[in-house]
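Next up, target-v3.txt (compact mmCIF, C-alpha atoms and all ligand atoms):
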# COMPACT_ATOMS: atom_id res chain seq x y z
CA MET Q 1 -6.33 42.46 -15.97
CA ARG Q 2 -4.24 40.20 -18.18
CA THR Q 3 -6.31 37.46 -19.82
CA PHE Q 4 -5.33 33.91 -19.01
CA ASP Q 5 -3.64 31.96 -21.82
CA ALA Q 6 -2.89 28.27 -21.18
CA ARG Q 7 -0.17 28.24 -23.85
CA ASP Q 8 1.55 31.13 -22.12
CA VAL Q 9 1.67 29.08 -18.89
CA VAL Q 10 3.19 26.16 -20.82
CA ALA Q 11 5.75 28.45 -22.47
CA ARG Q 12 6.81 30.03 -19.19
CA LYS Q 13 7.34 26.64 -17.54
CA ARG Q 14 9.11 25.40 -20.68
CA ASP Q 15 11.55 28.32 -20.35
CA GLY Q 16 12.12 27.63 -16.65
CA GLU Q 17 10.24 30.64 -15.36
CA THR Q 18 8.06 30.65 -12.26
CA VAL Q 19 4.31 30.47 -12.84
CA GLY Q 20 2.21 32.54 -10.45
CA ASP Q 21 -0.36 31.01 -8.07
CA GLY Q 22 -3.27 32.58 -9.92
CA ASP Q 23 -2.17 31.16 -13.26
CA ILE Q 24 -1.67 27.66 -11.86
CA GLU Q 25 -5.11 27.80 -10.29
CA ALA Q 26 -6.69 29.09 -13.52
CA PHE Q 27 -4.90 26.40 -15.53
CA VAL Q 28 -6.16 23.55 -13.32
CA ARG Q 29 -9.66 25.04 -13.16
CA ALA Q 30 -9.87 25.39 -16.94
CA PHE Q 31 -8.47 21.87 -17.45
CA THR Q 32 -11.02 20.39 -15.03
CA ALA Q 33 -13.80 22.23 -16.87
CA GLY Q 34 -12.64 20.67 -20.15
CA GLU Q 35 -11.45 23.99 -21.56
CA ILE Q 36 -7.81 22.92 -21.98
CA ALA Q 37 -6.98 20.10 -24.35
CA ASP Q 38 -5.07 17.05 -23.08
CA GLU Q 39 -2.06 17.85 -25.29
CA VAL Q 40 -1.71 21.30 -23.76
CA ALA Q 41 -1.95 19.88 -20.24
CA ALA Q 42 0.52 17.12 -21.17
CA ALA Q 43 2.97 19.75 -22.46
CA PHE Q 44 2.68 21.60 -19.14
CA LEU Q 45 3.31 18.34 -17.24
CA MET Q 46 6.42 17.60 -19.31
CA ALA Q 47 7.71 21.15 -18.80
CA ALA Q 48 7.07 20.82 -15.05
CA TYR Q 49 8.73 17.39 -15.03
CA ILE Q 50 11.89 18.74 -16.70
CA ARG Q 51 12.07 22.22 -15.15
CA GLY Q 52 10.61 21.33 -11.76
CA LEU Q 53 8.21 23.35 -9.65
CA ASN Q 54 9.34 25.46 -6.71
CA ALA Q 55 7.66 25.16 -3.29
CA GLY Q 56 5.20 27.96 -4.04
CA GLU Q 57 4.16 26.47 -7.38
CA THR Q 58 3.83 23.00 -5.83
CA LEU Q 59 1.59 24.38 -3.08
CA ALA Q 60 -0.53 26.30 -5.61
CA LEU Q 61 -0.94 23.15 -7.68
CA THR Q 62 -1.93 21.14 -4.59
CA ARG Q 63 -4.52 23.74 -3.58
CA ALA Q 64 -5.90 23.86 -7.11
CA TYR Q 65 -6.28 20.05 -7.08
CA VAL Q 66 -8.14 20.15 -3.74
CA SER Q 67 -10.47 22.92 -4.99
CA SER Q 68 -11.33 20.89 -8.10
CA GLY Q 69 -13.62 18.59 -6.09
CA ARG Q 70 -15.40 18.02 -2.82
CA THR Q 71 -13.84 17.56 0.59
CA ILE Q 72 -14.83 15.23 3.45
CA GLY Q 73 -15.21 16.65 6.95
CA LEU Q 74 -15.68 13.61 9.28
CA ARG Q 75 -16.93 15.98 11.98
CA SER Q 76 -18.63 13.28 14.08
CA ILE Q 77 -15.42 11.30 14.67
CA GLU Q 78 -14.09 11.82 18.18
CA ARG Q 79 -11.04 9.56 18.17
CA PRO Q 80 -7.79 10.91 16.72
CA LEU Q 81 -7.95 10.49 12.94
CA VAL Q 82 -4.78 9.19 11.33
CA ASP Q 83 -4.38 9.16 7.56
CA LYS Q 84 -1.53 6.80 6.64
CA HIS Q 85 -0.30 6.97 3.08
CA SER Q 86 2.28 4.72 1.44
CA THR Q 87 3.65 6.16 -1.79
CA GLY Q 88 3.35 3.10 -3.97
CA GLY Q 89 5.34 -0.05 -4.07
CA VAL Q 90 5.29 -3.70 -5.00
CA GLY Q 91 3.33 -6.14 -2.87
CA ASP Q 92 2.67 -3.33 -0.41
CA THR Q 93 -0.03 -4.41 2.00
CA VAL Q 94 0.55 -1.87 4.76
CA THR Q 95 -2.95 -0.31 4.69
CA LEU Q 96 -4.77 -3.64 5.11
CA VAL Q 97 -2.89 -4.24 8.35
CA PHE Q 98 -2.45 -0.66 9.55
CA ALA Q 99 -6.11 0.43 9.43
CA PRO Q 100 -7.50 -2.32 11.71
CA LEU Q 101 -4.40 -2.24 13.93
CA ALA Q 102 -4.74 1.53 14.48
CA ALA Q 103 -8.48 1.10 15.17
CA SER Q 104 -7.72 -1.57 17.77
CA LEU Q 105 -5.40 0.95 19.47
CA GLY Q 106 -8.14 3.58 19.86
CA LEU Q 107 -7.29 5.60 16.76
CA ALA Q 108 -9.54 6.17 13.75
CA VAL Q 109 -8.62 5.53 10.12
CA ALA Q 110 -10.86 6.73 7.26
CA LYS Q 111 -8.76 5.70 4.33
CA LEU Q 112 -9.43 6.52 0.71
CA SER Q 113 -7.33 4.35 -1.57
CA GLY Q 114 -6.75 3.85 -5.26
CA ARG Q 115 -6.48 1.04 -7.73
CA GLY Q 116 -3.17 -0.23 -8.99
CA LEU Q 117 -1.52 1.09 -12.11
CA GLY Q 118 1.66 -0.16 -13.81
CA HIS Q 119 3.98 -2.15 -11.57
CA THR Q 120 2.46 -0.93 -8.29
CA GLY Q 121 -0.56 -2.64 -6.76
CA GLY Q 122 -3.61 -0.88 -5.37
CA THR Q 123 -5.23 -1.43 -2.00
CA ILE Q 124 -8.74 -1.33 -3.49
CA ASP Q 125 -7.94 -4.14 -5.94
CA LYS Q 126 -6.61 -6.20 -3.04
CA LEU Q 127 -9.69 -5.63 -0.87
CA GLU Q 128 -12.00 -6.51 -3.74
CA ALA Q 129 -10.38 -9.96 -3.87
CA ILE Q 130 -12.47 -10.70 -0.76
CA PRO Q 131 -15.82 -12.09 -1.96
CA GLY Q 132 -18.63 -9.58 -1.44
CA MET Q 133 -16.37 -6.72 -0.32
CA ARG Q 134 -17.72 -3.26 -1.21
CA THR Q 135 -15.31 -0.37 -1.56
CA ASP Q 136 -17.62 2.27 -3.08
CA LEU Q 137 -18.71 3.71 0.26
CA SER Q 138 -20.39 7.11 0.26
CA ALA Q 139 -18.83 9.78 2.47
CA GLU Q 140 -21.70 9.23 4.94
CA GLU Q 141 -21.16 5.46 5.01
CA LEU Q 142 -17.44 5.98 5.49
CA GLU Q 143 -18.00 8.30 8.44
CA ARG Q 144 -20.62 6.03 10.05
CA GLN Q 145 -18.39 2.96 9.78
CA VAL Q 146 -15.35 4.76 11.19
CA GLY Q 147 -17.52 6.05 14.05
CA ARG Q 148 -18.70 2.52 14.80
CA ILE Q 149 -15.60 0.35 14.41
CA GLY Q 150 -12.73 2.81 14.01
CA CYS Q 151 -11.70 2.01 10.44
CA ALA Q 152 -12.84 1.89 6.84
CA VAL Q 153 -10.94 1.57 3.57
CA ALA Q 154 -12.86 2.85 0.56
CA ALA Q 155 -12.20 3.71 -3.05
CA GLN Q 156 -11.47 7.37 -3.61
CA GLY Q 157 -14.49 8.62 -5.54
CA ALA Q 158 -14.18 10.57 -8.76
CA ASP Q 159 -15.53 13.65 -6.95
CA ILE Q 160 -12.42 13.96 -4.74
CA VAL Q 161 -9.56 15.88 -6.43
CA PRO Q 162 -10.86 15.09 -9.94
CA ALA Q 163 -8.13 17.26 -11.46
CA ASP Q 164 -5.50 14.91 -10.05
CA GLY Q 165 -7.37 11.87 -11.33
CA ARG Q 166 -7.33 13.17 -14.90
CA LEU Q 167 -3.83 14.60 -14.79
CA TYR Q 168 -2.50 11.39 -13.25
CA ALA Q 169 -3.84 9.41 -16.22
CA LEU Q 170 -2.10 11.88 -18.55
CA ARG Q 171 1.13 11.60 -16.56
CA ASP Q 172 0.95 7.83 -16.79
CA ALA Q 173 0.56 8.09 -20.58
CA THR Q 174 3.37 10.63 -21.04
CA ALA Q 175 6.14 9.32 -18.72
CA THR Q 176 5.77 12.24 -16.34
CA VAL Q 177 4.82 10.38 -13.15
CA ALA Q 178 8.21 10.26 -11.41
CA SER Q 179 8.54 13.98 -10.60
CA ILE Q 180 8.88 14.99 -6.96
CA PRO Q 181 6.68 18.13 -7.10
CA LEU Q 182 4.04 16.40 -9.23
CA ILE Q 183 3.89 13.39 -6.89
CA ALA Q 184 3.88 15.62 -3.80
CA ALA Q 185 0.96 17.70 -5.11
CA SER Q 186 -0.92 14.57 -6.18
CA VAL Q 187 -0.46 12.73 -2.88
CA MET Q 188 -0.99 15.71 -0.58
CA SER Q 189 -4.09 17.00 -2.38
CA LYS Q 190 -5.75 13.66 -1.58
CA LYS Q 191 -4.65 13.90 2.06
CA LEU Q 192 -5.89 17.49 2.40
CA ALA Q 193 -9.29 16.69 0.86
CA ILE Q 194 -10.25 14.62 3.93
CA THR Q 195 -9.99 15.62 7.57
CA SER Q 196 -7.27 14.08 9.73
CA ASP Q 197 -5.37 14.90 12.90
CA LEU Q 198 -2.18 13.41 11.51
CA VAL Q 199 -0.92 12.60 8.03
CA LEU Q 200 1.52 9.72 8.37
CA LEU Q 201 3.57 9.25 5.21
CA ASP Q 202 5.38 6.04 4.36
CA VAL Q 203 7.65 7.13 1.50
CA LYS Q 204 9.12 4.15 -0.30
CA ALA Q 205 12.69 4.06 -1.61
CA GLY Q 206 14.26 1.45 -3.86
CA SER Q 207 13.83 -0.66 -6.98
CA GLY Q 208 10.06 -1.08 -6.52
CA ALA Q 209 9.30 2.56 -5.71
CA PHE Q 210 8.94 5.76 -7.74
CA MET Q 211 11.95 7.09 -5.83
CA LYS Q 212 14.89 4.76 -6.41
CA THR Q 213 17.21 6.13 -3.70
CA PRO Q 214 16.70 7.07 -0.02
CA GLU Q 215 17.88 10.61 -0.86
CA ALA Q 216 15.20 11.08 -3.53
CA ALA Q 217 12.58 9.60 -1.19
CA ALA Q 218 13.63 12.01 1.56
CA GLU Q 219 13.31 14.88 -0.90
CA LEU Q 220 9.77 13.74 -1.78
CA ALA Q 221 8.98 13.46 1.93
CA ARG Q 222 10.23 17.03 2.51
CA ALA Q 223 8.12 18.35 -0.38
CA CYS Q 224 5.02 16.67 1.11
CA ILE Q 225 5.81 17.94 4.61
CA GLU Q 226 6.20 21.49 3.33
CA ILE Q 227 2.70 21.33 1.80
CA ALA Q 228 1.16 19.89 4.97
CA ARG Q 229 2.85 22.61 7.07
CA ALA Q 230 1.57 25.38 4.84
CA GLU Q 231 -1.94 24.00 5.28
CA GLY Q 232 -1.58 23.58 9.06
CA ARG Q 233 -1.82 19.80 8.94
CA ALA Q 234 0.25 17.71 11.38
CA VAL Q 235 2.54 15.38 9.46
CA ARG Q 236 5.32 12.82 9.94
CA ALA Q 237 7.10 10.87 7.24
CA ALA Q 238 9.10 7.66 7.34
CA VAL Q 239 11.33 6.64 4.45
CA THR Q 240 11.08 2.85 4.19
CA ASP Q 241 12.88 0.31 2.06
CA MET Q 242 11.32 -0.91 -1.19
CA SER Q 243 14.53 -2.38 -2.62
CA GLN Q 244 12.57 -5.64 -2.62
CA PRO Q 245 8.84 -6.28 -2.39
CA LEU Q 246 7.42 -5.75 1.12
CA GLY Q 247 6.59 -9.15 2.53
CA ARG Q 248 6.47 -12.29 0.44
CA ALA Q 249 3.26 -11.89 -1.58
CA ILE Q 250 2.70 -9.78 -4.72
CA GLY Q 251 -0.88 -9.94 -5.91
CA ASN Q 252 -4.38 -9.30 -4.65
CA ALA Q 253 -5.82 -12.38 -2.92
CA LEU Q 254 -2.20 -13.31 -2.14
CA ASP Q 255 -1.62 -9.94 -0.46
CA VAL Q 256 -4.87 -10.21 1.53
CA ALA Q 257 -3.78 -13.64 2.79
CA GLU Q 258 -0.41 -12.16 3.74
CA ALA Q 259 -2.13 -9.31 5.62
CA VAL Q 260 -4.25 -11.85 7.53
CA ASP Q 261 -1.08 -13.77 8.40
CA VAL Q 262 0.40 -10.61 9.95
CA LEU Q 263 -2.87 -9.65 11.68
CA SER Q 264 -3.08 -13.09 13.25
CA ALA Q 265 0.62 -13.06 14.25
CA ARG Q 266 1.37 -16.07 12.05
CA ALA Q 267 3.88 -13.96 10.11
CA SER Q 268 6.58 -11.70 11.52
CA GLY Q 269 9.10 -10.11 9.20
CA ARG Q 270 9.32 -6.85 7.32
CA LEU Q 271 5.63 -6.13 6.67
CA ARG Q 272 4.84 -6.50 10.37
CA GLU Q 273 7.83 -4.35 11.27
CA VAL Q 274 6.77 -1.46 9.01
CA VAL Q 275 3.17 -1.54 10.22
CA GLU Q 276 4.17 -1.73 13.88
CA THR Q 277 6.56 1.18 13.43
CA LEU Q 278 3.89 3.34 11.76
CA ALA Q 279 1.22 2.46 14.34
CA ALA Q 280 3.62 3.27 17.17
CA ALA Q 281 4.48 6.61 15.52
CA ALA Q 282 0.77 7.43 15.29
CA LEU Q 283 0.22 6.58 18.96
CA THR Q 284 3.11 8.78 20.08
CA SER Q 285 2.03 11.69 17.89
CA VAL Q 286 -1.72 11.87 18.52
CA ALA Q 287 -2.32 9.84 21.68
CA GLY Q 288 0.67 11.03 23.72
CA ALA Q 289 2.12 7.55 24.26
CA GLY Q 290 5.82 7.08 25.01
CA GLU Q 291 7.81 5.41 22.25
CA GLU Q 292 8.40 2.10 23.99
CA GLU Q 293 4.88 1.88 25.34
CA ALA Q 294 3.47 2.59 21.85
CA ARG Q 295 5.56 -0.14 20.29
CA THR Q 296 4.52 -2.64 22.98
CA ARG Q 297 0.84 -1.81 22.54
CA ALA Q 298 1.03 -2.18 18.76
CA ALA Q 299 2.77 -5.56 19.07
CA ARG Q 300 0.27 -6.73 21.68
CA SER Q 301 -2.71 -5.87 19.43
CA LEU Q 302 -1.25 -8.06 16.70
CA ASP Q 303 -0.37 -10.88 19.10
CA ASP Q 304 -3.64 -11.03 21.05
CA GLY Q 305 -6.04 -10.91 18.08
CA ALA Q 306 -7.44 -7.40 18.72
CA ALA Q 307 -6.27 -6.09 15.34
CA LEU Q 308 -7.53 -9.20 13.54
CA GLU Q 309 -10.94 -8.74 15.17
CA ARG Q 310 -11.13 -5.16 13.79
CA PHE Q 311 -10.20 -6.46 10.37
CA ARG Q 312 -13.02 -8.99 10.56
CA GLU Q 313 -15.48 -6.24 11.58
CA MET Q 314 -14.29 -3.98 8.77
CA VAL Q 315 -14.69 -6.73 6.17
CA GLU Q 316 -18.15 -7.61 7.48
CA ALA Q 317 -19.24 -3.95 7.60
CA GLN Q 318 -18.27 -3.60 3.93
CA GLY Q 319 -20.17 -6.71 2.86
CA GLY Q 320 -17.17 -9.03 2.60
CA ASP Q 321 -16.98 -12.60 3.84
CA PRO Q 322 -15.63 -12.27 7.42
CA ARG Q 323 -14.35 -15.86 7.38
CA VAL Q 324 -11.40 -14.46 5.41
CA ALA Q 325 -10.01 -13.49 8.83
CA ASP Q 326 -9.98 -17.13 10.00
CA ASP Q 327 -9.18 -19.10 6.89
CA PRO Q 328 -8.16 -16.93 3.91
CA GLY Q 329 -7.36 -20.00 1.79
CA ALA Q 330 -10.96 -21.22 2.00
CA VAL Q 331 -12.52 -17.88 1.04
CA LEU Q 332 -10.20 -16.14 -1.43
CA PRO Q 333 -9.98 -16.99 -5.13
CA VAL Q 334 -7.20 -19.45 -5.94
CA ALA Q 335 -5.10 -19.56 -9.15
CA ALA Q 336 -5.40 -22.61 -11.41
CA VAL Q 337 -1.64 -23.15 -11.68
CA VAL Q 338 1.08 -22.76 -9.06
CA HIS Q 339 4.49 -23.09 -10.62
CA PRO Q 340 7.84 -22.96 -8.78
CA VAL Q 341 10.66 -20.84 -10.21
CA ALA Q 342 13.88 -22.74 -9.51
CA SER Q 343 17.19 -20.99 -8.98
CA GLU Q 344 19.78 -21.86 -11.61
CA GLY Q 345 22.78 -21.32 -9.37
CA SER Q 346 23.47 -21.10 -5.67
CA GLY Q 347 24.47 -18.10 -3.59
CA TYR Q 348 23.23 -15.29 -1.41
CA VAL Q 349 20.45 -13.10 -2.78
CA SER Q 350 22.12 -9.70 -3.14
CA ALA Q 351 19.45 -7.79 -5.08
CA VAL Q 352 15.81 -8.19 -6.05
CA ASP Q 353 14.39 -6.09 -8.87
CA ALA Q 354 11.05 -5.25 -7.27
CA GLU Q 355 9.81 -3.28 -10.26
CA ALA Q 356 10.49 -6.27 -12.56
CA LEU Q 357 8.54 -8.51 -10.17
CA GLY Q 358 5.71 -5.96 -10.09
CA ARG Q 359 5.62 -6.00 -13.89
CA ALA Q 360 5.67 -9.80 -13.96
CA ALA Q 361 2.76 -9.91 -11.50
CA ALA Q 362 0.87 -7.35 -13.61
CA ALA Q 363 1.52 -9.43 -16.75
CA LEU Q 364 0.04 -12.46 -14.97
CA GLY Q 365 -3.12 -10.37 -14.54
CA ALA Q 366 -2.62 -9.05 -10.99
CA GLY Q 367 -2.27 -5.47 -12.25
CA ARG Q 368 -3.21 -3.30 -15.18
CA ARG Q 369 -1.28 -1.46 -17.87
CA ARG Q 370 -4.14 0.93 -18.60
CA LYS Q 371 -6.69 2.45 -16.25
CA ASP Q 372 -9.98 0.48 -16.27
CA GLU Q 373 -8.41 -2.83 -17.39
CA PRO Q 374 -9.83 -5.76 -15.41
CA ILE Q 375 -7.55 -7.70 -13.08
CA ASP Q 376 -7.45 -11.33 -11.94
CA PRO Q 377 -7.57 -11.35 -8.12
CA SER Q 378 -6.18 -14.88 -7.82
CA VAL Q 379 -2.82 -14.54 -9.57
CA GLY Q 380 0.56 -13.20 -8.52
CA ILE Q 381 3.91 -14.19 -7.08
CA VAL Q 382 4.96 -15.51 -3.68
CA LEU Q 383 8.66 -15.04 -2.97
CA ARG Q 384 10.59 -17.79 -1.27
CA ALA Q 385 13.79 -15.77 -0.86
CA GLY Q 386 14.73 -12.20 -0.06
CA ILE Q 387 17.92 -10.14 0.14
CA GLY Q 388 20.45 -11.89 2.39
CA ASP Q 389 18.98 -15.41 2.04
CA LEU Q 390 21.17 -18.29 0.90
CA VAL Q 391 19.63 -20.32 -1.94
CA GLU Q 392 20.84 -23.58 -3.43
CA ALA Q 393 20.65 -24.49 -7.13
CA ARG Q 394 17.20 -25.85 -8.11
CA GLN Q 395 15.66 -24.50 -4.90
CA PRO Q 396 12.56 -22.33 -5.57
CA LEU Q 397 13.11 -18.56 -5.57
CA ALA Q 398 9.38 -17.96 -5.86
CA LEU Q 399 6.04 -19.54 -6.71
CA VAL Q 400 4.12 -18.15 -9.66
CA HIS Q 401 0.32 -18.27 -9.25
CA ALA Q 402 -1.11 -18.14 -12.78
CA ALA Q 403 -4.35 -18.59 -14.68
CA ASP Q 404 -2.79 -21.24 -16.95
CA ALA Q 405 0.48 -23.01 -17.75
CA ASP Q 406 1.39 -20.61 -20.59
CA ALA Q 407 1.09 -17.56 -18.36
CA ALA Q 408 3.14 -19.31 -15.67
CA ARG Q 409 5.89 -20.18 -18.17
CA ALA Q 410 5.94 -16.62 -19.50
CA ALA Q 411 6.44 -15.22 -15.97
CA THR Q 412 9.12 -17.71 -14.95
CA ASP Q 413 12.09 -16.13 -16.73
CA ALA Q 414 11.16 -12.61 -15.63
CA VAL Q 415 10.92 -13.75 -12.03
CA ARG Q 416 14.21 -15.65 -12.17
CA SER Q 417 16.05 -12.68 -13.71
CA ALA Q 418 14.76 -10.38 -10.97
CA PHE Q 419 17.07 -12.11 -8.50
CA THR Q 420 20.81 -11.43 -8.33
CA LEU Q 421 22.93 -13.96 -6.45
CA SER Q 422 26.36 -13.36 -4.99
CA GLY Q 423 29.02 -15.68 -3.62
CA ALA Q 424 29.56 -13.55 -0.53
CA ALA Q 425 27.13 -13.15 2.34
CA VAL Q 426 24.89 -10.07 2.07
CA ALA Q 427 23.15 -8.27 4.93
CA PRO Q 428 19.44 -7.53 4.40
CA PRO Q 429 18.89 -3.77 3.99
CA PRO Q 430 17.53 -1.75 6.91
CA LEU Q 431 13.77 -1.32 6.74
CA VAL Q 432 13.09 2.11 8.22
CA LEU Q 433 15.66 4.40 6.65
CA GLY Q 434 14.72 7.51 8.58
CA TRP Q 435 12.02 9.86 9.87
CA LEU Q 436 11.32 13.41 8.80
CA GLU Q 437 8.90 15.89 10.32
N1 LIG I 501 0.68 8.22 -6.00
C1 LIG I 501 -0.14 9.26 -6.21
O1 LIG I 501 -1.21 9.33 -5.65
N2 LIG I 501 0.25 10.23 -7.04
C2 LIG I 501 1.42 10.19 -7.69
O2 LIG I 501 1.71 11.10 -8.41
C3 LIG I 501 2.27 9.09 -7.47
C4 LIG I 501 1.88 8.13 -6.61
CA CA I 502 2.98 -8.20 0.06
Any chance you could give the structure as structure tokens?
Amino acid sequence: MRTFDARDVVARKRDGETVGDGDIEAFVRAFTAGEIADEVAAAFLMAAYIRGLNAGETLALTRAYVSSGRTIGLRSIERPLVDKHSTGGVGDTVTLVFAPLAASLGLAVAKLSGRGLGHTGGTIDKLEAIPGMRTDLSAEELERQVGRIGCAVAAQGADIVPADGRLYALRDATATVASIPLIAASVMSKKLAITSDLVLLDVKAGSGAFMKTPEAAAELARACIEIARAEGRAVRAAVTDMSQPLGRAIGNALDVAEAVDVLSARASGRLREVVETLAAAALTSVAGAGEEEARTRAARSLDDGAALERFREMVEAQGGDPRVADDPGAVLPVAAVVHPVASEGSGYVSAVDAEALGRAAAALGAGRRRKDEPIDPSVGIVLRAGIGDLVEARQPLALVHAADADAARAATDAVRSAFTLSGAAVAPPPLVLGWLE
């Protein structure tokens, strides 16, 4: 038997050769055990980023990630389990609305989420803006809560796909995140580590997403679907627009308040539309509903308060203040300074640089540049205009919620430059760009 040499694996990928399943598995196992130095792993990641991984290598990497930690069985759950995953965006609050909505429709959602990094926000940071909210549920607590109320959103523990956790931090440090096979293996390993009857992927495309074009997003969706298929997991993927932030809020408390607005039918618009579309897709796939009926049921649950009630139960079950469901403004932390960003000219908003807004929100303290940095739950940005809207000179484009006047001033220019105005009318982009399965 040939002995395993990590440098040999790096060299073969560097030269564009295919690395065998056994070598990928051995590489990830040795890295997880601390037997491969970070610089060797980083070199492999860069080689994989530049040369790519074929479908077989991507699947082997995914399997190696899953085997690096524990898996969660959820055997006591009788309702259809749906694992919705959005691939990272700006101001993306889909999970906070989707989980209770799906639960109110008779489905079960046991969602493990992450914290934000870079310009993208994290669901766990958002939830923790709710006073008292616990996200460090044990696997047993997660299962019990989902059995009782149909949904739970918890932080993914370090014992689930630990290899991905460590390699993701290295990718973040070495500019090797935005690779389709590396993202597909990372995302799908986390989906495969926990039982579900359906993996529902919401792959973002546009200026705020890892994939900047619908074509690249579709390619990522196909890579994820191929992995799910090989593992016998039912899967559907929507490509949705992230050419501007989803909804109006970018932050943590601000995003929770926005989610409550959608759950209580005070807000319609693009966030509601994405969540309704995903919930309807789940109902048709695992509960046998017709398409129109599914859509009607999802809308009704938002309109009649059933989804909001599940949200309240979920918050309460996780130790959070349930009054957030009735009056988010009275419960959530509030920023010291709210500063309007006035438009310099007038015209139709033709483009919004969502990544720039994500970075501006992170600089205000809503996100982190490095893993383990603290965040400020109260700060962020609330948009007053989106693509297609007509704005007049001096009218606010957005409100900056900041810890102090200096931070607000610093964010103002970045926020203003994120908007492009045009003299001609512009149609807002379509929201659901396509489905793949
Ligand atoms: N989200 C993940 O979980 N992994 C990636 O690689 C990118 C986004
Ligand atoms: Ca939002």
Find the residues near Asp321 (chain Q): any atom within 8 Å, counting all atoms listed in the file, skip ones fewer than 4 places away on the same chain, and give them as a PDB file with C-alpha atoms, keeping the file's coordinate frame.
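Everything below was put into around_31.pdb:
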ATOM      1  CA  ILE Q 130     -12.470 -10.700  -0.760  1.00  0.00           C
ATOM      2  CA  PRO Q 131     -15.820 -12.090  -1.960  1.00  0.00           C
ATOM      3  CA  GLY Q 132     -18.630  -9.580  -1.440  1.00  0.00           C
ATOM      4  CA  MET Q 133     -16.370  -6.720  -0.320  1.00  0.00           C
ATOM      5  CA  VAL Q 315     -14.690  -6.730   6.170  1.00  0.00           C
ATOM      6  CA  GLU Q 316     -18.150  -7.610   7.480  1.00  0.00           C
ATOM      7  CA  VAL Q 331     -12.520 -17.880   1.040  1.00  0.00           C
TER       8      VAL Q 331
END
Which of Q:Val324, Q:Ile24, Q:Ala193, Q:Asp92 sits closest to Gly69 (chain Q) [using only C-alpha atoms]: Q:Ala193
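Between CA of Arg29 (chain Q) and CA of Thr120 (chain Q) the interatomic distance comes to 29.1 Å.
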Give me, as a list of chain:residue names, the set of residues whose atoms come within 6 Å of any atom of ligand LIG 501 (chain I), counting only C-alpha atoms and all ligand atoms.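 Counting only C-alpha atoms and all ligand atoms, the residues within 6 Å of ligand LIG 501 (chain I) come out as Q:Thr87, Q:Gly88, Q:Val177, Q:Leu182, Q:Ile183, Q:Ser186, Q:Val187.
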Can you pull out every residue within 12 Å of region 327-330 of chain Q, counting only C-alpha atoms, but drop anything in the same chain fewer than 2 positions away, and send it as an mmCIF file with C-alpha atoms, in the frame of the given file?
data_model
loop_
_atom_site.group_PDB
_atom_site.id
_atom_site.type_symbol
_atom_site.label_atom_id
_atom_site.label_comp_id
_atom_site.auth_asym_id
_atom_site.auth_seq_id
_atom_site.Cartn_x
_atom_site.Cartn_y
_atom_site.Cartn_z
ATOM 1 C CA ALA Q 129 -10.380 -9.960 -3.870
ATOM 2 C CA ILE Q 130 -12.470 -10.700 -0.760
ATOM 3 C CA PRO Q 131 -15.820 -12.090 -1.960
ATOM 4 C CA ALA Q 253 -5.820 -12.380 -2.920
ATOM 5 C CA LEU Q 254 -2.200 -13.310 -2.140
ATOM 6 C CA ASP Q 255 -1.620 -9.940 -0.460
ATOM 7 C CA VAL Q 256 -4.870 -10.210 1.530
ATOM 8 C CA ALA Q 257 -3.780 -13.640 2.790
ATOM 9 C CA GLU Q 258 -0.410 -12.160 3.740
ATOM 10 C CA ALA Q 259 -2.130 -9.310 5.620
ATOM 11 C CA VAL Q 260 -4.250 -11.850 7.530
ATOM 12 C CA ASP Q 261 -1.080 -13.770 8.400
ATOM 13 C CA LEU Q 263 -2.870 -9.650 11.680
ATOM 14 C CA SER Q 264 -3.080 -13.090 13.250
ATOM 15 C CA ARG Q 312 -13.020 -8.990 10.560
ATOM 16 C CA ASP Q 321 -16.980 -12.600 3.840
ATOM 17 C CA PRO Q 322 -15.630 -12.270 7.420
ATOM 18 C CA ARG Q 323 -14.350 -15.860 7.380
ATOM 19 C CA VAL Q 324 -11.400 -14.460 5.410
ATOM 20 C CA ALA Q 325 -10.010 -13.490 8.830
ATOM 21 C CA LEU Q 332 -10.200 -16.140 -1.430
ATOM 22 C CA PRO Q 333 -9.980 -16.990 -5.130
ATOM 23 C CA VAL Q 334 -7.200 -19.450 -5.940
ATOM 24 C CA ALA Q 335 -5.100 -19.560 -9.150
ATOM 25 C CA SER Q 378 -6.180 -14.880 -7.820
#
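Here CA of Ala408 (chain Q) stands at a distance of 7.3 Å from CA of Val337 (chain Q).
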Using only C-alpha atoms and all ligand atoms, find each protein or nucleic acid residue lying at most 6 Å from ligand CA 502 (chain I); present the set as a ChimeraX atom specification. /Q:91-93,246-250,255
List the residues sitting within 12 Å of (6.2, -6.9, 21.6) in the file's frame, using only C-alpha atoms, as a PyMOL selection string. chain Q and resi 265+268+272-273+276-277+280+292-304
Those selected residues, please, written with C-alpha atoms and delivered as a CSV table (one decimal), keeping the file's coordinate frame.
chain,number,residue,atom,x,y,z
Q,265,ALA,CA,0.6,-13.1,14.2
Q,268,SER,CA,6.6,-11.7,11.5
Q,272,ARG,CA,4.8,-6.5,10.4
Q,273,GLU,CA,7.8,-4.4,11.3
Q,276,GLU,CA,4.2,-1.7,13.9
Q,277,THR,CA,6.6,1.2,13.4
Q,280,ALA,CA,3.6,3.3,17.2
Q,292,GLU,CA,8.4,2.1,24.0
Q,293,GLU,CA,4.9,1.9,25.3
Q,294,ALA,CA,3.5,2.6,21.8
Q,295,ARG,CA,5.6,-0.1,20.3
Q,296,THR,CA,4.5,-2.6,23.0
Q,297,ARG,CA,0.8,-1.8,22.5
Q,298,ALA,CA,1.0,-2.2,18.8
Q,299,ALA,CA,2.8,-5.6,19.1
Q,300,ARG,CA,0.3,-6.7,21.7
Q,301,SER,CA,-2.7,-5.9,19.4
Q,302,LEU,CA,-1.2,-8.1,16.7
Q,303,ASP,CA,-0.4,-10.9,19.1
Q,304,ASP,CA,-3.6,-11.0,21.0
